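Raw upload.cif, mmCIF, C-alpha atoms and all ligand atoms:
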data_coords
loop_
_atom_site.label_atom_id
_atom_site.label_comp_id
_atom_site.auth_asym_id
_atom_site.auth_seq_id
_atom_site.Cartn_x
_atom_site.Cartn_y
_atom_site.Cartn_z
CA MET I 1 -16.95 7.09 36.96
CA HIS I 2 -13.74 5.16 36.56
CA LYS I 3 -13.97 2.92 33.49
CA PRO I 4 -11.47 0.04 33.75
CA TRP I 5 -12.15 -0.96 30.10
CA PHE I 6 -10.67 2.33 28.94
CA LYS I 7 -7.64 2.25 31.24
CA LEU I 8 -4.51 3.43 29.47
CA PRO I 9 -1.28 1.42 29.69
CA GLY I 10 1.88 2.50 31.52
CA PRO I 11 4.85 4.16 29.85
CA LEU I 12 7.28 2.49 27.47
CA LYS I 13 10.93 2.18 28.48
CA ALA I 14 13.15 5.13 27.50
CA ARG I 15 14.73 5.00 24.02
CA ALA I 16 12.56 2.00 23.06
CA HIS I 17 12.27 1.08 19.38
CA ILE I 18 8.83 1.79 17.90
CA ALA I 19 7.64 0.50 14.53
CA VAL I 20 5.09 2.78 12.86
CA ILE I 21 3.18 1.12 10.00
CA GLY I 22 2.15 3.61 7.32
CA GLY I 23 3.82 6.77 6.03
CA GLY I 24 0.73 8.97 5.65
CA ILE I 25 0.16 12.10 7.72
CA ALA I 26 -0.61 9.92 10.77
CA GLY I 27 2.72 8.06 10.43
CA ILE I 28 4.72 11.24 9.81
CA MET I 29 3.21 13.07 12.78
CA LEU I 30 3.97 10.02 14.94
CA PHE I 31 7.52 9.91 13.63
CA ASN I 32 8.11 13.58 14.55
CA HIS I 33 6.57 13.40 18.01
CA LEU I 34 8.09 10.05 19.01
CA LYS I 35 11.58 11.05 17.82
CA ASP I 36 11.35 14.28 19.79
CA ALA I 37 10.46 12.21 22.86
CA GLY I 38 13.71 10.22 22.48
CA PHE I 39 12.40 6.98 20.95
CA LYS I 40 13.99 5.12 18.06
CA VAL I 41 11.34 5.08 15.33
CA THR I 42 11.11 3.07 12.12
CA VAL I 43 8.32 3.90 9.67
CA LEU I 44 7.37 1.09 7.27
CA GLU I 45 5.54 2.15 4.12
CA LYS I 46 4.27 -0.07 1.32
CA ASN I 47 4.73 2.56 -1.38
CA SER I 48 7.98 4.18 -2.52
CA HIS I 49 7.55 7.49 -0.66
CA ILE I 50 5.75 9.13 2.23
CA LEU I 51 2.28 10.71 1.84
CA SER I 52 1.35 8.54 -1.12
CA GLY I 53 -2.18 7.58 0.02
CA ALA I 54 -5.04 9.87 1.04
CA SER I 55 -2.44 12.27 2.49
CA GLY I 56 -0.87 12.95 -0.92
CA ASN I 57 -3.16 15.64 -2.38
CA PRO I 58 -1.53 18.92 -3.47
CA VAL I 59 -3.33 20.67 -0.59
CA ALA I 60 -5.06 19.66 2.61
CA ILE I 61 -7.30 22.28 4.17
CA LEU I 62 -7.31 22.78 7.91
CA ASP I 63 -11.06 22.79 8.24
CA PRO I 64 -12.45 23.51 11.73
CA TYR I 65 -15.39 21.59 13.19
CA ILE I 66 -18.55 23.70 13.24
CA SER I 67 -21.13 23.23 15.96
CA ALA I 68 -23.38 25.61 17.85
CA GLY I 69 -23.59 23.17 20.76
CA ASP I 70 -21.15 21.87 23.35
CA SER I 71 -19.87 18.32 23.18
CA GLN I 72 -16.71 16.32 23.85
CA GLN I 73 -16.45 15.91 20.10
CA LYS I 74 -16.41 19.67 19.55
CA THR I 75 -13.86 20.16 22.32
CA PHE I 76 -11.64 17.52 20.71
CA TYR I 77 -11.82 19.09 17.25
CA ASP I 78 -11.25 22.61 18.62
CA LEU I 79 -8.15 21.43 20.48
CA ALA I 80 -6.97 19.49 17.42
CA TYR I 81 -7.45 22.50 15.14
CA GLN I 82 -5.60 24.87 17.45
CA TYR I 83 -2.72 22.44 17.88
CA ALA I 84 -2.57 21.77 14.13
CA LEU I 85 -2.31 25.50 13.35
CA LYS I 86 0.46 25.88 15.92
CA TYR I 87 2.31 22.72 14.95
CA TYR I 88 2.31 23.10 11.16
CA GLY I 89 2.82 26.85 11.52
CA ALA I 90 6.11 26.20 13.30
CA LEU I 91 7.39 23.96 10.49
CA ASN I 92 9.20 25.87 7.78
CA ASP I 93 9.70 24.95 4.12
CA GLY I 94 6.31 26.29 2.96
CA ILE I 95 4.38 23.45 4.61
CA PHE I 96 1.65 25.65 6.14
CA ILE I 97 0.13 28.37 3.96
CA SER I 98 -1.88 30.91 5.87
CA SER I 99 -5.19 31.73 4.17
CA PRO I 100 -8.58 32.82 5.56
CA LEU I 101 -11.33 30.23 5.35
CA ILE I 102 -14.76 31.58 4.41
CA LYS I 103 -17.75 29.33 4.99
CA ILE I 104 -20.71 30.58 2.97
CA ALA I 105 -24.22 29.75 4.24
CA GLU I 106 -26.11 28.32 1.28
CA ASN I 107 -29.52 28.53 3.02
CA ASN I 108 -31.28 30.14 5.99
CA ALA I 109 -30.93 27.13 8.27
CA THR I 110 -27.13 27.16 7.84
CA LEU I 111 -27.01 30.92 8.31
CA GLU I 112 -28.98 30.57 11.55
CA ARG I 113 -26.47 27.94 12.71
CA TYR I 114 -23.55 30.20 11.78
CA ARG I 115 -25.16 33.04 13.77
CA LYS I 116 -25.32 30.80 16.82
CA VAL I 117 -21.73 29.63 16.30
CA ALA I 118 -20.53 33.24 16.00
CA LYS I 119 -22.35 34.27 19.21
CA LYS I 120 -20.68 31.53 21.25
CA ASN I 121 -17.43 32.03 23.03
CA SER I 122 -15.17 30.04 20.71
CA PRO I 123 -11.52 29.09 21.37
CA VAL I 124 -11.09 29.19 17.58
CA LYS I 125 -10.97 32.72 16.12
CA LEU I 126 -14.00 33.37 13.87
CA TYR I 127 -16.57 36.02 13.02
CA LEU I 128 -19.77 36.40 11.00
CA LYS I 129 -19.85 38.75 8.01
CA GLU I 130 -23.20 38.84 6.18
CA ASN I 131 -23.89 35.18 5.33
CA LYS I 132 -20.29 34.12 5.84
CA LEU I 133 -18.49 32.57 8.78
CA VAL I 134 -14.88 33.68 8.51
CA PHE I 135 -11.86 31.95 10.06
CA PRO I 136 -9.11 34.55 9.61
CA ASN I 137 -6.27 32.39 10.98
CA ALA I 138 -6.95 29.31 8.88
CA GLY I 139 -4.79 27.86 6.14
CA TYR I 140 -3.82 24.79 4.21
CA ILE I 141 -0.98 22.29 4.16
CA LYS I 142 1.15 21.42 1.14
CA PRO I 143 1.99 17.73 1.62
CA GLU I 144 4.57 17.83 -1.20
CA ASN I 145 6.63 20.23 0.94
CA ILE I 146 6.44 17.84 3.91
CA ARG I 147 7.72 15.17 1.50
CA LEU I 148 10.59 17.40 0.36
CA SER I 149 11.59 18.21 3.93
CA PHE I 150 11.99 14.47 4.61
CA ASN I 151 14.99 14.05 2.35
CA SER I 152 16.65 11.66 4.79
CA THR I 153 15.39 8.13 4.31
CA GLU I 154 17.11 6.89 7.44
CA ASN I 155 14.41 5.47 9.78
CA PHE I 156 12.11 4.80 6.81
CA ILE I 157 11.66 1.46 5.06
CA PHE I 158 9.79 1.81 1.76
CA ASN I 159 8.18 -0.72 -0.58
CA VAL I 160 7.32 -3.14 2.20
CA GLN I 161 3.85 -4.22 3.09
CA VAL I 162 3.69 -5.30 6.71
CA SER I 163 1.36 -8.29 6.72
CA ARG I 164 1.85 -10.11 10.01
CA ILE I 165 2.85 -8.98 13.47
CA ILE I 166 3.58 -11.51 16.17
CA ASN I 167 4.68 -11.39 19.79
CA ASP I 168 8.36 -11.64 20.49
CA ARG I 169 9.57 -13.82 23.37
CA ASN I 170 10.99 -10.68 24.99
CA ASP I 171 7.68 -8.81 25.05
CA GLY I 172 8.29 -6.97 21.81
CA TRP I 173 6.85 -7.51 18.35
CA ILE I 174 8.19 -9.10 15.15
CA LEU I 175 7.00 -7.79 11.78
CA PHE I 176 6.79 -9.77 8.54
CA ASP I 177 6.08 -8.69 4.97
CA GLN I 178 3.55 -10.10 2.51
CA TYR I 179 5.94 -12.96 1.58
CA ASP I 180 6.32 -13.74 5.30
CA ASN I 181 9.89 -12.48 5.29
CA PHE I 182 11.17 -11.07 8.55
CA LEU I 183 11.26 -7.25 8.46
CA ILE I 184 12.18 -5.89 11.90
CA ASP I 185 11.54 -6.42 15.57
CA ALA I 186 10.49 -3.59 17.83
CA ASP I 187 9.48 -2.91 21.43
CA ALA I 188 6.19 -1.35 20.36
CA VAL I 189 4.03 -1.11 17.25
CA ILE I 190 1.71 1.67 16.13
CA LEU I 191 -0.68 1.01 13.25
CA ALA I 192 -1.02 4.16 11.17
CA ASN I 193 -2.16 2.44 7.99
CA SER I 194 -5.60 4.01 7.61
CA TYR I 195 -8.40 1.74 6.34
CA ASN I 196 -6.01 -1.21 6.04
CA PHE I 197 -5.56 -1.73 9.76
CA PRO I 198 -8.19 -4.49 10.24
CA GLU I 199 -5.94 -6.72 8.11
CA PHE I 200 -3.91 -7.49 11.24
CA ALA I 201 -5.13 -10.31 13.50
CA GLN I 202 -4.99 -8.09 16.60
CA VAL I 203 -7.49 -5.56 15.19
CA VAL I 204 -9.57 -7.68 12.85
CA HIS I 205 -12.74 -6.90 14.84
CA ASN I 206 -12.52 -3.13 14.46
CA PRO I 207 -15.22 -1.74 12.17
CA ILE I 208 -13.96 0.62 9.48
CA LYS I 209 -15.54 1.90 6.28
CA LYS I 210 -13.73 3.00 3.12
CA MET I 211 -15.05 6.13 1.47
CA SER I 212 -13.35 7.47 -1.61
CA GLY I 213 -13.13 11.04 -2.78
CA GLN I 214 -11.89 13.03 -5.74
CA ILE I 215 -10.53 16.54 -6.02
CA THR I 216 -10.52 18.57 -9.24
CA TYR I 217 -7.62 20.70 -10.48
CA LEU I 218 -8.72 23.68 -12.55
CA LYS I 219 -7.58 26.89 -14.14
CA SER I 220 -10.18 29.55 -13.35
CA ASP I 221 -10.85 33.24 -12.78
CA TYR I 222 -10.88 32.79 -8.96
CA ASN I 223 -7.89 34.89 -7.88
CA GLU I 224 -8.52 35.61 -4.19
CA ASN I 225 -6.36 34.39 -1.31
CA ALA I 226 -9.25 32.85 0.70
CA ILE I 227 -10.45 29.26 0.80
CA LEU I 228 -14.18 29.26 0.04
CA ASN I 229 -16.43 26.57 1.45
CA SER I 230 -20.13 25.76 1.35
CA ALA I 231 -21.34 22.41 -0.03
CA GLY I 232 -17.86 22.00 -1.55
CA TYR I 233 -14.67 24.03 -1.35
CA LEU I 234 -12.47 26.07 -3.67
CA THR I 235 -8.84 26.89 -2.91
CA PRO I 236 -6.79 29.89 -3.99
CA ALA I 237 -4.52 29.18 -6.96
CA ILE I 238 -1.71 27.01 -5.62
CA ASN I 239 1.72 26.24 -7.01
CA SER I 240 2.27 22.53 -7.25
CA GLU I 241 5.02 20.68 -9.08
CA GLY I 242 5.65 23.61 -11.43
CA ASP I 243 2.02 24.33 -12.24
CA LYS I 244 -0.52 26.77 -10.83
CA PHE I 245 -4.18 25.86 -10.36
CA ASN I 246 -7.21 26.03 -8.06
CA ILE I 247 -8.59 22.91 -6.45
CA CYS I 248 -12.21 22.15 -5.74
CA GLY I 249 -13.76 19.16 -4.07
CA ALA I 250 -14.05 16.84 -2.54
CA SER I 251 -16.54 14.17 -3.54
CA PHE I 252 -17.71 11.48 -1.12
CA GLU I 253 -18.29 8.12 -2.75
CA ASN I 254 -18.85 4.52 -1.74
CA ASN I 255 -17.22 3.42 -4.98
CA ILE I 256 -13.62 2.88 -3.90
CA SER I 257 -12.06 2.86 -7.35
CA LEU I 258 -9.03 5.14 -7.72
CA LYS I 259 -9.80 5.84 -11.38
CA ILE I 260 -10.54 9.54 -12.04
CA SER I 261 -14.22 9.99 -12.82
CA LYS I 262 -15.90 12.63 -14.97
CA GLU I 263 -19.01 12.48 -12.76
CA ALA I 264 -16.98 13.35 -9.66
CA HIS I 265 -15.44 16.35 -11.48
CA GLU I 266 -18.96 17.47 -12.40
CA GLU I 267 -20.14 17.05 -8.81
CA ASN I 268 -17.17 19.06 -7.53
CA LEU I 269 -17.83 21.91 -9.97
CA LYS I 270 -21.52 21.93 -9.11
CA LYS I 271 -20.74 22.23 -5.40
CA ALA I 272 -17.93 24.78 -5.82
CA PRO I 273 -18.87 28.00 -3.96
CA TYR I 274 -18.06 30.41 -6.80
CA ASN I 275 -19.65 31.53 -10.07
CA PHE I 276 -16.88 30.77 -12.54
CA LYS I 277 -16.57 32.91 -15.65
CA LYS I 278 -13.64 30.92 -16.95
CA ILE I 279 -12.81 27.34 -16.24
CA GLU I 280 -10.57 24.58 -17.56
CA ILE I 281 -10.31 21.19 -15.86
CA LEU I 282 -6.70 20.03 -15.70
CA GLY I 283 -7.09 16.76 -13.84
CA GLY I 284 -7.58 15.49 -10.35
CA ARG I 285 -6.64 12.98 -7.72
CA ARG I 286 -8.54 10.33 -5.85
CA GLY I 287 -7.98 8.86 -2.41
CA ILE I 288 -9.67 6.70 0.16
CA ARG I 289 -10.76 7.92 3.57
CA ALA I 290 -11.00 5.59 6.56
CA MET I 291 -14.27 6.21 8.41
CA SER I 292 -14.98 4.62 11.78
CA LYS I 293 -18.57 3.77 12.72
CA ASP I 294 -18.99 7.04 14.68
CA HIS I 295 -16.74 9.04 12.31
CA LEU I 296 -14.22 9.76 15.08
CA PRO I 297 -10.58 8.67 14.91
CA VAL I 298 -9.53 5.34 16.37
CA CYS I 299 -6.61 6.15 18.60
CA GLY I 300 -5.12 4.48 21.66
CA PRO I 301 -4.05 1.04 22.91
CA VAL I 302 -5.33 -2.00 21.03
CA PRO I 303 -7.77 -4.16 23.04
CA ASP I 304 -7.56 -7.96 23.08
CA HIS I 305 -11.03 -8.59 21.68
CA ALA I 306 -11.60 -12.09 23.11
CA GLU I 307 -10.36 -11.03 26.55
CA TYR I 308 -12.63 -7.99 26.51
CA ILE I 309 -15.65 -10.19 25.87
CA ASN I 310 -14.62 -12.43 28.78
CA ALA I 311 -13.94 -9.55 31.14
CA TYR I 312 -16.93 -7.32 30.43
CA ASN I 313 -19.59 -9.67 29.12
CA ASN I 314 -22.10 -8.63 31.78
CA ILE I 315 -21.70 -4.84 31.80
CA HIS I 316 -25.17 -4.46 30.28
CA HIS I 317 -26.64 -5.57 33.65
CA GLY I 318 -25.45 -2.23 34.99
CA ASN I 319 -24.49 -3.40 38.49
CA LYS I 320 -22.50 -0.43 39.74
CA PHE I 321 -20.91 -2.46 42.58
CA GLU I 322 -19.40 -5.02 40.23
CA VAL I 323 -15.61 -4.91 40.20
CA TYR I 324 -14.10 -5.33 36.75
CA PRO I 325 -10.51 -6.10 35.79
CA ASP I 326 -8.40 -3.49 34.04
CA ALA I 327 -8.46 -3.37 30.24
CA PRO I 328 -6.89 -6.48 28.68
CA LEU I 329 -4.67 -4.89 26.05
CA TYR I 330 -2.06 -6.12 23.61
CA GLU I 331 1.09 -4.93 25.29
CA ASN I 332 2.81 -1.99 23.57
CA PHE I 333 0.49 -2.15 20.59
CA PHE I 334 -1.34 1.01 19.51
CA ILE I 335 -3.33 2.46 16.67
CA LEU I 336 -3.81 5.88 15.11
CA ALA I 337 -6.21 5.50 12.20
CA GLY I 338 -9.75 6.15 10.99
CA LEU I 339 -9.02 9.83 10.41
CA GLY I 340 -11.94 10.31 8.02
CA SER I 341 -12.07 13.64 6.22
CA LYS I 342 -10.10 15.76 8.70
CA GLY I 343 -6.88 13.79 9.06
CA PHE I 344 -4.59 16.79 8.66
CA VAL I 345 -6.44 18.55 11.49
CA THR I 346 -6.36 15.63 13.93
CA ALA I 347 -3.11 13.73 13.18
CA PRO I 348 -0.79 16.17 15.05
CA ILE I 349 -2.70 16.14 18.36
CA LEU I 350 -3.31 12.38 18.16
CA ALA I 351 0.43 11.79 17.66
CA LYS I 352 1.07 14.05 20.66
CA TYR I 353 -1.52 12.07 22.66
CA LEU I 354 0.02 8.64 21.95
CA THR I 355 3.49 10.01 22.67
CA ALA I 356 2.28 11.46 25.99
CA ILE I 357 0.90 8.01 26.96
CA LEU I 358 4.23 6.38 26.10
CA ILE I 359 6.30 8.81 28.16
CA LYS I 360 3.69 9.28 30.92
CA LYS I 361 3.38 13.03 30.39
CA PRO I 362 0.14 15.03 30.75
CA LEU I 363 -2.30 14.21 27.96
CA PRO I 364 -3.41 16.97 25.57
CA PHE I 365 -7.09 16.40 26.45
CA ASP I 366 -9.16 15.00 29.29
CA GLU I 367 -10.25 11.47 30.10
CA LYS I 368 -13.65 11.78 28.40
CA ILE I 369 -12.00 12.55 25.08
CA CYS I 370 -9.60 9.59 25.56
CA HIS I 371 -12.72 7.40 25.93
CA LEU I 372 -14.28 8.96 22.83
CA LEU I 373 -11.27 7.92 20.74
CA HIS I 374 -10.43 4.64 22.47
CA PRO I 375 -10.21 1.66 20.07
CA ALA I 376 -12.20 -0.46 22.58
CA ARG I 377 -15.26 1.83 22.48
CA PHE I 378 -16.99 -0.25 19.81
CA ILE I 379 -16.69 -3.49 21.82
CA ILE I 380 -17.92 -1.75 24.98
CA ARG I 381 -20.89 -0.20 23.15
CA GLU I 382 -21.88 -3.62 21.78
CA LEU I 383 -21.57 -5.27 25.21
CA SER I 384 -23.50 -2.44 26.90
CA LYS I 385 -26.56 -2.84 24.71
CA LYS I 386 -26.75 -6.65 24.77
C1 LIG I 401 -10.22 13.50 -1.86
C2 LIG I 401 -9.83 13.74 -0.43
C3 LIG I 401 -9.66 15.05 0.03
C4 LIG I 401 -9.30 15.29 1.36
N1 LIG I 401 -9.11 16.57 1.80
C5 LIG I 401 -8.73 16.79 3.09
C6 LIG I 401 -8.48 18.11 3.54
O1 LIG I 401 -8.59 19.08 2.80
N2 LIG I 401 -8.11 18.28 4.84
C7 LIG I 401 -7.97 17.22 5.71
O2 LIG I 401 -7.66 17.43 6.90
N3 LIG I 401 -8.19 15.95 5.29
C8 LIG I 401 -8.57 15.73 4.01
N4 LIG I 401 -8.81 14.45 3.58
C9 LIG I 401 -8.66 13.35 4.54
C10 LIG I 401 -7.19 13.04 4.76
O3 LIG I 401 -6.57 12.94 3.51
C11 LIG I 401 -7.04 11.76 5.58
O4 LIG I 401 -7.79 11.85 6.77
C12 LIG I 401 -5.59 11.51 5.93
O5 LIG I 401 -4.77 11.65 4.81
C13 LIG I 401 -5.42 10.12 6.53
O6 LIG I 401 -4.07 9.95 6.82
P1 LIG I 401 -3.49 8.52 7.17
O7 LIG I 401 -2.04 8.69 7.42
O8 LIG I 401 -4.33 7.90 8.22
O9 LIG I 401 -3.78 7.66 5.85
P2 LIG I 401 -2.99 7.59 4.46
O10 LIG I 401 -2.53 8.91 4.02
O11 LIG I 401 -3.85 6.83 3.51
O12 LIG I 401 -1.69 6.77 4.83
C14 LIG I 401 -1.72 5.40 5.14
C15 LIG I 401 -0.42 4.83 4.62
O13 LIG I 401 -0.27 3.49 5.08
C16 LIG I 401 0.34 2.76 4.04
N5 LIG I 401 0.04 1.33 4.33
C17 LIG I 401 -1.19 0.76 4.36
N6 LIG I 401 -1.07 -0.54 4.72
C18 LIG I 401 0.24 -0.78 4.91
C19 LIG I 401 0.99 -1.95 5.27
N7 LIG I 401 0.37 -3.10 5.55
N8 LIG I 401 2.34 -1.86 5.35
C20 LIG I 401 2.97 -0.67 5.08
N9 LIG I 401 2.31 0.46 4.71
C21 LIG I 401 0.96 0.41 4.65
C22 LIG I 401 -0.30 3.30 2.79
O14 LIG I 401 0.49 3.03 1.64
C23 LIG I 401 -0.39 4.79 3.10
O15 LIG I 401 0.76 5.50 2.66
C24 LIG I 401 -9.13 14.18 2.25
C25 LIG I 401 -9.29 12.88 1.78
C26 LIG I 401 -9.63 12.64 0.45
C27 LIG I 401 -9.77 11.24 -0.04
#

Can you turn what I pasted into structure tokens?
Ligand SMILES: Cc1cc2nc3c(=O)[nH]c(=O)nc-3n(C[C@H](O)[C@H](O)[C@H](O)COP(=O)(O)OP(=O)(O)OC[C@H]3O[C@@H](n4cnc5c(N)ncnc54)[C@H](O)[C@@H]3O)c2cc1C
Amino acid sequence: MHKPWFKLPGPLKARAHIAVIGGGIAGIMLFNHLKDAGFKVTVLEKNSHILSGASGNPVAILDPYISAGDSQQKTFYDLAYQYALKYYGALNDGIFISSPLIKIAENNATLERYRKVAKKNSPVKLYLKENKLVFPNAGYIKPENIRLSFNSTENFIFNVQVSRIINDRNDGWILFDQYDNFLIDADAVILANSYNFPEFAQVVHNPIKKMSGQITYLKSDYNENAILNSAGYLTPAINSEGDKFNICGASFENNISLKISKEAHEENLKKAPYNFKKIEILGGRRGIRAMSKDHLPVCGPVPDHAEYINAYNNIHHGNKFEVYPDAPLYENFFILAGLGSKGFVTAPILAKYLTAILIKKPLPFDEKICHLLHPARFIIRELSKK
């Protein structure tokens, strides 16, 4: 069924200027894809360098989505994972480190699930070995090497917090900082600022939850090359900023403080899938994840909330002959946020998706997945159950 409320906008003019707000992995993937498509891109970041928020850990694991069933969600994550492996793998500079991922079943129910997963025809390479589900082509990303490869600061504006975005008379957008100083104008805006996005008037109605997490750096006797994962994960020893250590994690907490906590270290060690003989905690890092209500990314054109209510107020009556107007959207205004705990897996394909919309090229997934990610899905769900 055609769903006018999820209609995607037309393409942007060639060589248009796009402002991307946020220099995390979402912003950087957008920068790469949009530049390659011929757009002029400016990334605005409130901190002094890229990948300073949740995206700034020493490693980010490319963790595939596990499900024995079929769903649009699984298809999306499988496509995202495959594209992420290909995309990061093609970058040089030690950004992608190949390493098998071994998921260890901690109980019979999980093992049964892994057996079912292994029996299915999966687009992602995997196999079952005893109580372990093995992903031989997996790996992890070293964000500090992405940072190093971005030595040119041209196209990046640091230490500015975009605080207000208003319509330009010529159909573009004007951006202001927290002191209401003019920053730039642009033909299009993409919000890639994680859990902060509802601060803007255009998206104030979008539900988002902050969930913090901590990873633990440790010296240990774990010397294998595989990433181990069960309730928590343990990485191989990694080189980071002149030191060498394993990482385990990551905690999930409602407490959004960024202060390192002893309790979170303890939780991480308890969940680590390895019997340590030797261990020394060196430190850790905390970050905040942006979780949408259904835990899926929020990616696509930004709906005009008031106009949506006007246009689709009666969809709960379910009259299939009713003719509805096309989605009332803020023109050339998009979002790529709410990446939850798998942002490094999903950011590349989501950046490719938004770029494909803007240049009217084939999308990397089908319409049902576009609906699954659409920023207007929360409004439509509310209106449907009235
Ligand atoms: C402890 C922990 C461990 C994790 N481990 C993994 C993992 O192993 N693998 C994985 O795939 N994912 C992992 N994640 C999740 C992953 O880190 C996130 O999904 C991802 O980093 C989100 O990227 P982002 O670009 O949306 O957000 P961020 O990296 O937070 O970037 C948002 C950026 O926007 C900037 N910003 C915000 N507001 C403004 C403004 N108004 N103006 C200008 N700039 C602004 C911020 O300064 C920030 O740099 C982990 C998360 C945590 C917390």

Query - Test item: residues no farther than 6 Å from ligand LIG 401 (chain I), counting all atoms listed in the file, as a PyMOL selection string - result: chain I and resi 21-27+44-47+51-55+60-62+160-163+192-194+196+212-215+250+286-289+337+339-345

Report task. Rounded to one decimal place, report the atom CA of Lys120 of chain I-atom CA of Val134 of chain I distance in Å. Result -> 14.2 Å

Requested in this report: Mind giving me the straight-line distance from atom CA of Lys219 of chain I to atom CA of Lys270 of chain I in Å, one decimal?
Outcome: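 Here the two named atoms are 15.6 Å from each other.
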
Query - Neighbour list for His316 of chain I as a VMD selection string, cut-off 9 Å, all atoms listed in the file, skip fewer than 5 positions in-chain - result: chain I and resid 383 to 386

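The smallest atom-to-atom distance between Ile184 of chain I and any of I:Pro236, I:Gly172, I:Pro375, I:Pro58, using all atoms listed in the file, is found for I:Gly172.
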
**Report entry** Nearest to Pro64 of chain I, chosen from I:Asn314, I:Gln202, I:Asn229, I:Asn239, with only C-alpha atoms counted in the distances
**Finding:**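 Of I:Asn314, I:Gln202, I:Asn229, I:Asn239, the one nearest Pro64 of chain I, counting only C-alpha atoms, is I:Asn229.
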
Query raised in the report: By how many Å are atom CA of Pro301 of chain I and atom CA of Ala16 of chain I apart?
Result: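 Those two atoms sit 16.6 Å apart.
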
Report task. Name the residues in contact with Pro325 of chain I at a cut-off of 8 Å, using only C-alpha atoms, excluding same-chain residues fewer than 6 positions from it; report them as a list in words. Result -> Pro4, Trp5 and Ala311 of chain I

Write out as AutoDock Vina command-line options an axis-aligned box for segment 226-244 of chain I: all of its atoms listed in the file, 5 Å added on each side, centre and edge lengths in Å with one decimal.
--center_x -7.8 --center_y 26.8 --center_z -5.4 --size_x 37.0 --size_y 22.2 --size_z 23.7

Query raised in the report: Of the candidates I:Asn159, I:Lys352, I:Ile238, I:Glu106, which one gets nearest to Tyr140 of chain I if we count all atoms listed in the file?
Result: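 Under the stated criterion, the closest residue is I:Ile238.
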
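Minimum distance to Ile157 of chain I across I:Lys7, I:Asp93, I:Thr42, I:Ile190 (counting only C-alpha atoms) occurs at I:Thr42.
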
List every protein, DNA or RNA residue that has at least one atom no more than 8 Å from (6.0, 4.0, 17.1) in the file's coordinates, counting only C-alpha atoms, and write the result as a short mmCIF file (atom, residue, chain, number, x, y, z; two decimals) with C-alpha atoms, keeping the file's coordinate frame.
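File produced: part.cif:
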data_model
loop_
_atom_site.label_atom_id
_atom_site.label_comp_id
_atom_site.auth_asym_id
_atom_site.auth_seq_id
_atom_site.Cartn_x
_atom_site.Cartn_y
_atom_site.Cartn_z
CA HIS I 17 12.27 1.08 19.38
CA ILE I 18 8.83 1.79 17.90
CA ALA I 19 7.64 0.50 14.53
CA VAL I 20 5.09 2.78 12.86
CA LEU I 30 3.97 10.02 14.94
CA PHE I 31 7.52 9.91 13.63
CA LEU I 34 8.09 10.05 19.01
CA VAL I 41 11.34 5.08 15.33
CA THR I 42 11.11 3.07 12.12
CA VAL I 43 8.32 3.90 9.67
CA ALA I 188 6.19 -1.35 20.36
CA VAL I 189 4.03 -1.11 17.25
CA ILE I 190 1.71 1.67 16.13
#

Query - Residues within 12 Å of Glu367 of chain I, all atoms listed in the file, excluding chain neighbours under 2 positions, as a list in words - result: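 Surrounding residues, per the criterion: Met1, His2, Lys3, Phe6, Lys7, Leu8, Gln72, Phe76, Tyr353, Pro362, Leu363, Pro364, Phe365, Ile369, Cys370, His371, Leu372, Leu373 and His374 of chain I.
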
**Report entry** Test item: residues at most 8 Å from segment 108-116 of chain I, all atoms listed in the file, excluding those fewer than 3 positions along its chain, as a list in words
**Finding:**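 Returned residues: Ser67, Ala68, Ala105, Lys119, Lys120, Leu128, Asn131, Lys132 and Leu133 of chain I.
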
Based on the selection just made, write C-alpha atoms of those residues as a PDB file, keeping the file's coordinate frame.
ATOM      1  CA  SER I  67     -21.130  23.230  15.960  1.00  0.00           C
ATOM      2  CA  ALA I  68     -23.380  25.610  17.850  1.00  0.00           C
ATOM      3  CA  ALA I 105     -24.220  29.750   4.240  1.00  0.00           C
ATOM      4  CA  LYS I 119     -22.350  34.270  19.210  1.00  0.00           C
ATOM      5  CA  LYS I 120     -20.680  31.530  21.250  1.00  0.00           C
ATOM      6  CA  LEU I 128     -19.770  36.400  11.000  1.00  0.00           C
ATOM      7  CA  ASN I 131     -23.890  35.180   5.330  1.00  0.00           C
ATOM      8  CA  LYS I 132     -20.290  34.120   5.840  1.00  0.00           C
ATOM      9  CA  LEU I 133     -18.490  32.570   8.780  1.00  0.00           C
TER      10      LEU I 133
END

Is it possible to add N, CA and C atoms to segment 77-81 of chain I and hand it back as a PDB file, in the coordinates of the input?
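Below is the file result.pdb, written as the result:
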ATOM      1  N   TYR I  77     -12.191  18.492  18.536  1.00  0.00           N
ATOM      2  CA  TYR I  77     -11.820  19.090  17.250  1.00  0.00           C
ATOM      3  C   TYR I  77     -11.279  20.510  17.406  1.00  0.00           C
ATOM      4  N   ASP I  78     -11.797  21.258  18.379  1.00  0.00           N
ATOM      5  CA  ASP I  78     -11.250  22.610  18.620  1.00  0.00           C
ATOM      6  C   ASP I  78      -9.791  22.522  19.063  1.00  0.00           C
ATOM      7  N   LEU I  79      -9.534  21.582  19.994  1.00  0.00           N
ATOM      8  CA  LEU I  79      -8.150  21.430  20.480  1.00  0.00           C
ATOM      9  C   LEU I  79      -7.234  20.968  19.336  1.00  0.00           C
ATOM     10  N   ALA I  80      -7.766  20.030  18.535  1.00  0.00           N
ATOM     11  CA  ALA I  80      -6.970  19.490  17.420  1.00  0.00           C
ATOM     12  C   ALA I  80      -6.641  20.602  16.425  1.00  0.00           C
ATOM     13  N   TYR I  81      -7.633  21.422  16.127  1.00  0.00           N
ATOM     14  CA  TYR I  81      -7.450  22.500  15.140  1.00  0.00           C
ATOM     15  C   TYR I  81      -6.416  23.506  15.633  1.00  0.00           C
TER      16      TYR I  81
END
